[in-house]
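Data block below; observations after.
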Amino acid sequence: MRFDATGKVSLDHIYTQPDPRSYFRLLRPLGYCVPQQAKPYFAKLIKEYRESQHVTVPKVLDIGCSYGINAALLKYDATMDELYARYDDEDREGESREALLARDRELSRSRRPAQPIRFVGLDTSGSALSYALEAGFLDDAVHADLEDHEPTPRQRAQFAGTDLVISTGCLGYVTERTLGRVIEAQGTRRPWMAHFVLRMFPFDPVERALAGLGYRTIRVEEVFKQRRFASSQEQALVLERMSAAGVDARGLEAEGWMYAQLFLSRPHDIPGPNDPNRERN
């Protein structure tokens, strides 16, 4: 079992397969569930944006979108349980990618009318993006690593007009550098943001960078299960990292699950939500 520099088990290979089956087969025993927990928060934020900004079809950029999971949940009201059953079905072992895509296209057609959202995915995995586009989960895809590279003119055009930016677990690997480049592509516009971030990763550098770009950030008080630790060794490494950062893992990660927090960032001139969140100092 290999571990990355953060102490987490390396799962890179499941994001680069030609279809999502390896992704779901590996994550199912670990109880990976953060997209399902994020779904009502994202849906509420999109609804609030649509109504307050008078935008009929908001454009949502999903950073680290992989196979378009958030898009499938939000556009077509799929669930993680449904997707686990769909992609980890022993009775369909050996099914071709083309047959799987056909079933996914049928899923998107059967859920019409879809929620009025335009989903753009940003990821470093071209194969995952390709699948999400072909399946009809994403409306557009940006294959880029904005940590190391400026967006191309075409990519900047794809980012332009973004209304909301979301993510479910990539921040910590993706930093304020990527977010800044996405924001710069908007000109004077400032999209709303909602990021689920593992507690092992500090959000302060991102918050400071966003503040410099005209945002204020609040943290939702609730914590959200992401997945179980893949092994006792992974848990030990993550707990060591959290302890060094001064993060108390008692009652949470120390019990065997990884947890995320939700950070909501909006332009200074946009009122904050009425949820029982507290503003961070």
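Ligands are numbered from 1 in the order shown, residues from 1 within each chain, and chains are lettered A, B, ... in the order they appear in the structure tokens.
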
Which residues are near Gln226 in chain A? Cut-off 7 Å, only C-alpha atoms, ignore same chain within fewer than 6 positions. Put them as an mmCIF file with N, CA and C atoms, in the first residue's frame.
```
data_model
loop_
_atom_site.group_PDB
_atom_site.id
_atom_site.type_symbol
_atom_site.label_atom_id
_atom_site.label_comp_id
_atom_site.auth_asym_id
_atom_site.auth_seq_id
_atom_site.Cartn_x
_atom_site.Cartn_y
_atom_site.Cartn_z
ATOM 1 N N TYR A 32 -17.018 5.745 1.173
ATOM 2 C CA TYR A 32 -16.870 7.105 0.648
ATOM 3 C C TYR A 32 -18.240 7.720 0.376
ATOM 4 N N CYS A 33 -18.521 8.856 1.003
ATOM 5 C CA CYS A 33 -19.883 9.385 0.963
ATOM 6 C C CYS A 33 -19.972 10.901 0.913
ATOM 7 N N VAL A 34 -18.849 11.612 0.819
ATOM 8 C CA VAL A 34 -18.926 13.067 0.941
ATOM 9 C C VAL A 34 -19.732 13.722 -0.188
ATOM 10 N N MET A 258 -12.292 9.677 8.115
ATOM 11 C CA MET A 258 -11.797 10.991 7.734
ATOM 12 C C MET A 258 -12.992 11.934 7.649
ATOM 13 N N TYR A 259 -12.788 13.177 8.086
ATOM 14 C CA TYR A 259 -13.868 14.157 8.128
ATOM 15 C C TYR A 259 -13.484 15.415 7.352
ATOM 16 N N ALA A 260 -14.518 16.031 6.778
ATOM 17 C CA ALA A 260 -14.331 17.282 6.039
ATOM 18 C C ALA A 260 -15.146 18.391 6.688
#
```

Selection: 10 Å around range 37-44 of chain A, only C-alpha atoms, excl. self and same-chain fewer than 6 positions, as an NGL selection string: :A and (50 or 70-71 or 73-75 or 77-80 or 115 or 164-168 or 193-196 or 224-226 or 262)

Would you write out, as JSON lines, a table of all residues in range 70-131 of chain A that have an atom no more than 7 Å from an atom of range 16-31 of chain A, listing for each the closest atom pair and the distance in Å to one decimal, considering only C-alpha atoms and ordering rows by chain and rising residue number?
```
{"residue": "A:Tyr84", "atom": "CA", "partner": "A:Phe24", "partner_atom": "CA", "distance": 5.9}
{"residue": "A:Tyr87", "atom": "CA", "partner": "A:Arg21", "partner_atom": "CA", "distance": 4.9}
{"residue": "A:Asp88", "atom": "CA", "partner": "A:Arg25", "partner_atom": "CA", "distance": 5.6}
{"residue": "A:Arg97", "atom": "CA", "partner": "A:Asp19", "partner_atom": "CA", "distance": 6.7}
{"residue": "A:Ser125", "atom": "CA", "partner": "A:Thr16", "partner_atom": "CA", "distance": 5.7}
{"residue": "A:Ser127", "atom": "CA", "partner": "A:Pro18", "partner_atom": "CA", "distance": 5.3}
{"residue": "A:Ala128", "atom": "CA", "partner": "A:Thr16", "partner_atom": "CA", "distance": 6.1}
{"residue": "A:Tyr131", "atom": "CA", "partner": "A:Asp19", "partner_atom": "CA", "distance": 6.1}
```

Quick check for you: according to DSSP on this backbone, which residues of range 103-217 of chain A are classed as alpha helix (DSSP H)? Reply as a count of residues only. 43

Report as a VMD selection string all protein, DNA and RNA residues lying within 7 Å of range 137-154 of chain A, evaluated on only C-alpha atoms, omitting residues in the same chain fewer than 5 positions from it. chain A and resid 68 71 to 72 118 to 126 129 132 174 177 to 178

Near Arg216 in chain A, within 6 Å and counting only C-alpha atoms, which residues show up once chain neighbours fewer than 3 positions away are dropped, as a ChimeraX atom specification? /A:211,265-266,268

Would you export the selected residues with N, CA, C and O atoms as a compact mmCIF listing (two decimals), in the first residue's frame, please?
```txt
# COMPACT_ATOMS: atom_id res chain seq x y z
N ALA A 211 -9.71 36.38 0.46
CA ALA A 211 -9.99 37.69 1.05
C ALA A 211 -9.33 38.79 0.22
O ALA A 211 -9.92 39.87 0.01
N SER A 265 -17.58 30.74 0.51
CA SER A 265 -16.94 32.03 0.22
C SER A 265 -17.78 32.79 -0.79
O SER A 265 -18.14 32.26 -1.84
N ARG A 266 -18.06 34.06 -0.43
CA ARG A 266 -18.85 34.92 -1.32
C ARG A 266 -18.20 36.29 -1.39
O ARG A 266 -17.48 36.69 -0.46
N HIS A 268 -17.65 40.18 -0.91
CA HIS A 268 -17.96 40.97 0.28
C HIS A 268 -19.34 41.64 0.20
O HIS A 268 -19.99 41.84 1.22
```

List the spatial neighbours of range 179-190 of chain A as a ChimeraX atom specification - criterion: any atom at most 8 Å away, only C-alpha atoms, same-chain residues fewer than 5 positions off excluded. /A:146,150-151,156-157,159-163,209-210,266-267

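Between CA of Ile270 in chain A and CA of Ala114 in chain A lies a distance of 27.9 Å.
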
Range 130-221 of chain A near range 105-109 of chain A within 10 Å: what's each residue's closest atom pair and its distance in Å to one decimal, counting only C-alpha atoms, ordered by chain then ascending residue number, as CSV?
```
residue,atom,partner,partner_atom,distance
A:Glu134,CA,A:Arg105,CA,7.9
A:Ala135,CA,A:Arg105,CA,5.1
A:Gly136,CA,A:Arg105,CA,6.1
A:Phe137,CA,A:Ser108,CA,7.3
```

Output for the residues just chosen: C-alpha atoms as a PDB file, in the first residue's frame:
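Result file follows (out-v6.pdb):
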```pdb
ATOM      1  CA  GLU A 134     -19.660  11.209 -23.013  1.00  0.00           C
ATOM      2  CA  ALA A 135     -22.069  10.059 -20.302  1.00  0.00           C
ATOM      3  CA  GLY A 136     -23.806  13.431 -20.337  1.00  0.00           C
ATOM      4  CA  PHE A 137     -22.950  14.319 -16.744  1.00  0.00           C
TER       5      PHE A 137
END
```

Which is closer to Gln36 in chain A than all the others in A:Val238, A:Met200, A:Ile69, A:Ala102, using only C-alpha atoms?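 For Gln36 in chain A, the nearest of the given residues is A:Ile69.
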